[in-house]
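J.: Sharing upload23.pdb here; it has PDB, C-alpha atoms.
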ATOM      1  CA  MET A   1     -77.966-236.629 -16.768
ATOM      2  CA  ILE A   2     -77.845-233.160 -18.264
ATOM      3  CA  ALA A   3     -81.550-233.323 -19.056
ATOM      4  CA  GLU A   4     -82.388-234.605 -15.601
ATOM      5  CA  ALA A   5     -80.385-231.836 -13.934
ATOM      6  CA  ALA A   6     -81.852-229.136 -16.192
ATOM      7  CA  MET A   7     -85.400-230.316 -15.543
ATOM      8  CA  LYS A   8     -84.793-230.515 -11.804
ATOM      9  CA  PHE A   9     -83.291-227.004 -11.789
ATOM     10  CA  ASP A  10     -86.337-225.647 -13.676
ATOM     11  CA  LYS A  11     -88.505-225.949 -10.536
ATOM     12  CA  ASN A  12     -91.453-223.993 -11.959
ATOM     13  CA  LYS A  13     -91.245-225.737 -15.331
ATOM     14  CA  GLU A  14     -91.061-222.409 -17.149
ATOM     15  CA  ASN A  15     -88.144-223.066 -19.494
ATOM     16  CA  ASN A  16     -89.612-223.250 -23.003
ATOM     17  CA  LEU A  17     -86.803-225.506 -24.210
ATOM     18  CA  LEU A  18     -87.705-228.085 -21.560
ATOM     19  CA  LYS A  19     -91.504-228.000 -21.820
ATOM     20  CA  PRO A  20     -91.707-230.772 -24.443
ATOM     21  CA  TYR A  21     -89.960-233.156 -22.007
ATOM     22  CA  TYR A  22     -92.297-232.649 -19.056
ATOM     23  CA  ILE A  23     -95.330-234.898 -18.541
ATOM     24  CA  GLY A  24     -97.852-234.205 -21.273
ATOM     25  CA  GLY A  25     -95.230-232.668 -23.565
ATOM     26  CA  SER A  26     -94.593-233.882 -27.093
ATOM     27  CA  ARG A  27     -91.260-235.507 -26.078
ATOM     28  CA  SER A  28     -92.282-236.724 -22.600
ATOM     29  CA  ASP A  29     -92.595-240.417 -23.521
ATOM     30  CA  ASN A  30     -88.849-240.893 -22.903
ATOM     31  CA  PRO A  31     -87.680-237.417 -21.857
ATOM     32  CA  TYR A  32     -84.000-237.982 -21.058
ATOM     33  CA  VAL A  33     -83.280-240.009 -24.176
ATOM     34  CA  ASN A  34     -85.297-237.613 -26.342
ATOM     35  CA  PHE A  35     -83.425-234.662 -24.844
ATOM     36  CA  TYR A  36     -80.161-236.350 -25.784
ATOM     37  CA  TRP A  37     -81.279-236.912 -29.390
ATOM     38  CA  ASP A  38     -82.616-233.357 -29.660
ATOM     39  CA  PHE A  39     -79.627-231.535 -28.173
ATOM     40  CA  CYS A  40     -76.568-233.755 -27.738
ATOM     41  CA  ALA A  41     -76.516-236.090 -30.757
ATOM     42  CA  GLN A  42     -74.211-235.451 -33.709
ATOM     43  CA  GLY A  43     -75.246-232.312 -35.567
ATOM     44  CA  LYS A  44     -77.210-230.924 -32.600
ATOM     45  CA  PRO A  45     -76.330-227.726 -30.666
ATOM     46  CA  ALA A  46     -74.742-229.406 -27.613
ATOM     47  CA  TYR A  47     -72.900-232.142 -29.509
ATOM     48  CA  VAL A  48     -69.294-232.718 -28.500
ATOM     49  CA  GLU A  49     -67.163-235.058 -30.574
ATOM     50  CA  VAL A  50     -65.942-238.098 -28.678
ATOM     51  CA  LYS A  51     -62.407-239.199 -29.387
ATOM     52  CA  PHE A  52     -62.097-242.933 -28.777
ATOM     53  CA  MET A  53     -58.786-244.497 -27.881
ATOM     54  CA  SER A  54     -57.602-247.647 -29.581
ATOM     55  CA  LEU A  55     -58.120-251.056 -28.012
ATOM     56  CA  CYS A  56     -54.361-251.374 -27.516
ATOM     57  CA  GLU A  57     -54.255-248.033 -25.673
ATOM     58  CA  ALA A  58     -57.176-249.057 -23.460
ATOM     59  CA  ILE A  59     -55.588-252.411 -22.622
ATOM     60  CA  LYS A  60     -52.283-250.716 -21.788
ATOM     61  CA  ILE A  61     -54.003-248.277 -19.397
ATOM     62  CA  ILE A  62     -55.978-251.079 -17.739
ATOM     63  CA  LEU A  63     -52.850-253.195 -17.228
ATOM     64  CA  ASN A  64     -50.723-250.242 -16.052
ATOM     65  CA  THR A  65     -53.285-249.431 -13.366
ATOM     66  CA  GLY A  66     -53.522-252.998 -12.101
ATOM     67  CA  GLY A  67     -56.736-253.930 -13.846
ATOM     68  CA  ILE A  68     -57.707-256.913 -15.939
ATOM     69  CA  PRO A  69     -58.859-256.197 -19.507
ATOM     70  CA  ILE A  70     -62.234-257.885 -19.971
ATOM     71  CA  LEU A  71     -64.388-257.634 -23.099
ATOM     72  CA  ALA A  72     -67.865-256.619 -21.968
ATOM     73  CA  HIS A  73     -71.016-258.103 -23.517
ATOM     74  CA  PRO A  74     -69.558-259.180 -26.864
ATOM     75  CA  GLY A  75     -72.997-260.378 -27.961
ATOM     76  CA  ASN A  76     -73.996-256.731 -28.195
ATOM     77  CA  ASN A  77     -70.854-255.628 -30.007
ATOM     78  CA  ILE A  78     -69.317-258.381 -32.112
ATOM     79  CA  LYS A  79     -72.127-260.944 -32.143
ATOM     80  CA  GLU A  80     -70.775-264.409 -33.062
ATOM     81  CA  ASN A  81     -67.823-263.188 -35.124
ATOM     82  CA  ILE A  82     -65.158-265.560 -33.769
ATOM     83  CA  ASP A  83     -62.439-264.165 -36.058
ATOM     84  CA  LEU A  84     -62.977-260.697 -34.603
ATOM     85  CA  LEU A  85     -63.104-262.138 -31.095
ATOM     86  CA  GLU A  86     -59.764-263.883 -31.690
ATOM     87  CA  ASP A  87     -58.258-260.616 -32.987
ATOM     88  CA  ILE A  88     -59.464-258.757 -29.888
ATOM     89  CA  VAL A  89     -58.058-261.402 -27.546
ATOM     90  CA  SER A  90     -54.729-261.383 -29.412
ATOM     91  CA  MET A  91     -54.344-257.701 -28.486
ATOM     92  CA  GLY A  92     -54.257-258.549 -24.786
ATOM     93  CA  VAL A  93     -57.829-258.975 -23.584
ATOM     94  CA  GLU A  94     -57.674-261.507 -20.764
ATOM     95  CA  GLY A  95     -61.341-262.260 -20.251
ATOM     96  CA  ILE A  96     -64.831-262.131 -21.651
ATOM     97  CA  GLU A  97     -68.143-261.273 -20.048
ATOM     98  CA  VAL A  98     -69.773-264.596 -20.891
ATOM     99  CA  TYR A  99     -72.964-264.255 -18.843
ATOM    100  CA  SER A 100     -74.700-261.011 -19.727
ATOM    101  CA  SER A 101     -78.175-259.535 -20.018
ATOM    102  CA  TYR A 102     -77.265-258.826 -23.646
ATOM    103  CA  HIS A 103     -76.614-262.459 -24.568
ATOM    104  CA  ASN A 104     -79.033-265.055 -25.784
ATOM    105  CA  GLU A 105     -78.488-268.697 -24.848
ATOM    106  CA  LYS A 106     -76.576-269.487 -28.054
ATOM    107  CA  GLN A 107     -74.163-266.597 -27.523
ATOM    108  CA  THR A 108     -73.570-267.543 -23.902
ATOM    109  CA  ILE A 109     -72.572-271.062 -24.967
ATOM    110  CA  ILE A 110     -70.285-269.722 -27.719
ATOM    111  CA  TYR A 111     -68.467-267.357 -25.308
ATOM    112  CA  GLU A 112     -68.278-269.939 -22.549
ATOM    113  CA  ASN A 113     -66.673-272.465 -24.915
ATOM    114  CA  PHE A 114     -64.337-269.814 -26.344
ATOM    115  CA  THR A 115     -63.093-268.694 -22.918
ATOM    116  CA  ARG A 116     -62.445-272.260 -21.802
ATOM    117  CA  LYS A 117     -60.695-273.175 -25.072
ATOM    118  CA  ASN A 118     -58.470-270.090 -24.832
ATOM    119  CA  ASN A 119     -57.924-270.219 -21.047
ATOM    120  CA  LEU A 120     -59.501-266.799 -20.533
ATOM    121  CA  ILE A 121     -61.294-265.366 -17.526
ATOM    122  CA  MET A 122     -65.091-265.585 -17.621
ATOM    123  CA  THR A 123     -67.166-262.878 -15.990
ATOM    124  CA  CYS A 124     -70.838-262.362 -15.317
ATOM    125  CA  GLY A 125     -72.691-259.049 -15.371
ATOM    126  CA  SER A 126     -76.200-257.701 -15.626
ATOM    127  CA  ASP A 127     -75.150-254.314 -17.104
ATOM    128  CA  PHE A 128     -77.323-252.664 -14.465
ATOM    129  CA  HIS A 129     -77.295-248.875 -14.786
ATOM    130  CA  GLY A 130     -80.028-247.881 -12.369
ATOM    131  CA  LYS A 131     -82.859-245.738 -13.671
ATOM    132  CA  ASN A 132     -81.203-245.472 -17.091
ATOM    133  CA  LYS A 133     -81.913-249.174 -17.672
ATOM    134  CA  PRO A 134     -85.012-249.875 -15.583
ATOM    135  CA  SER A 135     -85.642-253.296 -17.137
ATOM    136  CA  ILE A 136     -82.309-254.665 -15.848
ATOM    137  CA  SER A 137     -81.866-255.448 -12.163
ATOM    138  CA  ILE A 138     -78.533-255.676 -10.407
ATOM    139  CA  GLY A 139     -77.540-259.314 -10.066
ATOM    140  CA  SER A 140     -80.230-260.430 -12.507
ATOM    141  CA  VAL A 141     -77.895-262.511 -14.682
ATOM    142  CA  ASP A 142     -77.303-266.131 -13.777
ATOM    143  CA  CYS A 143     -73.681-267.288 -13.919
ATOM    144  CA  MET A 144     -74.937-270.808 -14.638
ATOM    145  CA  GLY A 145     -73.278-272.263 -11.549
ATOM    146  CA  ASN A 146     -69.813-271.089 -12.598
ATOM    147  CA  GLU A 147     -69.317-268.522  -9.852
ATOM    148  CA  GLU A 148     -66.526-270.524  -8.187
ATOM    149  CA  GLU A 149     -64.698-270.966 -11.498
ATOM    150  CA  ILE A 150     -64.984-267.239 -12.204
ATOM    151  CA  ILE A 151     -63.661-266.300  -8.756
ATOM    152  CA  LYS A 152     -60.822-268.843  -8.980
ATOM    153  CA  LYS A 153     -59.619-267.503 -12.357
ATOM    154  CA  LEU A 154     -59.744-263.908 -11.128
ATOM    155  CA  LYS A 155     -57.765-264.802  -8.001
ATOM    156  CA  GLU A 156     -55.179-266.661 -10.117
ATOM    157  CA  ARG A 157     -54.762-263.615 -12.330
ATOM    158  CA  ILE A 158     -54.369-261.246  -9.388
ATOM    159  CA  LYS A 159     -51.525-263.258  -7.776
TER     160      LYS A 159
END
Mind turning this structure into structure tokens?

T.:
Amino acid sequence: MIAEAAMKFDKNKENNLLKPYYIGGSRSDNPYVNFYWDFCAQGKPAYVEVKFMSLCEAIKIILNTGGIPILAHPGNNIKENIDLLEDIVSMGVEGIEVYSSYHNEKQTIIYENFTRKNNLIMTCGSDFHGKNKPSISIGSVDCMGNEEEIIKKLKERIK
């Protein structure tokens, strides 16, 4: 977003630092991502260290604000590591994003079986992020006919 704003602000495209990111420039093939790697990544001039909270802290905040802690797209993060998944759930995660644009068919089946076995909430999400992920459309992930089950579990949890 910083790159996009900077490039938009540079109406006459005169800023020498931005020229490589404009069409025809050496870094124009993926300008916003390249800008990030050139300026904002670790060791670069605009890098700011990110301090991550613990899973327990995150779960506590989610619960204290009335939310439901759901593990998003585990196929991208923990793959098929069931031991790790069990550890995460034991800390208070109440659901898993089973149907995700990140998951292959095998992973979807693994997470679906795991959520049912452990009486967890299943969710479904495309991970749509607009122009930052142009290959993913909102609502593009099929919940495999389990929409009613997903809604029912969420309503049960909210009561």

J.: Please measure the separation of CA of Asp10 (chain A) and CA of Ile23 (chain A), giving the value in Å to one decimal.

T.: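 Between CA of Asp10 (chain A) and CA of Ile23 (chain A) the gap works out to 13.8 Å.
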
J.: Would you list the contacts of Lys153 (chain A) as a list in words, taking every protein, DNA or RNA residue within 10 Å and counting all atoms listed in the file, but skipping same-chain residues closer than 6 positions in sequence?

T.: Gly95, Asn119, Leu120, Ile121, Met122 and Thr123 of chain A

J.: If you measure from CA of Gly92 (chain A) to CA of Glu49 (chain A), what distance in Å do you get, rounded to one decimal?

T.: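 Answer for the CA of Gly92 (chain A) to CA of Glu49 (chain A) separation: 27.4 Å.
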
J.: Using the chain letters and numbers from the file, give me the residues hit by the PyMOL selection byres ((chain A and resi 21) around 10), as a ChimeraX atom specification.

T.: /A:3,7,16-20,22-35

J.: Write out as JSON, numbers by chain which residues come within 7 Å of Ile70 (chain A) when counting all atoms listed in the file, dropping same-chain ones fewer than 5 positions away.

T.: {"A": [93, 94, 95, 96, 97]}

J.: Record the distance separating CA of Leu85 (chain A) and CA of Leu71 (chain A), expressed in Å with one decimal.

T.: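 Those two atoms sit 9.3 Å apart.
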
J.: For the file shown, what are the residues hit by the PyMOL selection byres ((chain A and resi 73) around 10), laid out as a count of residues only?

T.: 25

J.: Once 5 Å is added on each side, what are the centre and the three edge lengths, in Å to one decimal, of the axis-aligned box enclosing the listed atoms of region 54-64 of chain A? Present them as JSON.

T.:
{"center_x": -54.4, "center_y": -250.4, "center_z": -22.8, "size_x": 17.4, "size_y": 15.5, "size_z": 23.5}

J.: Could you write out as number ranges by chain the residues that the PyMOL selection byres ((chain A and resi 67) around 12) matches in the shown file?

T.: A: 58-66, 68-70, 93-95, 154, 157-158
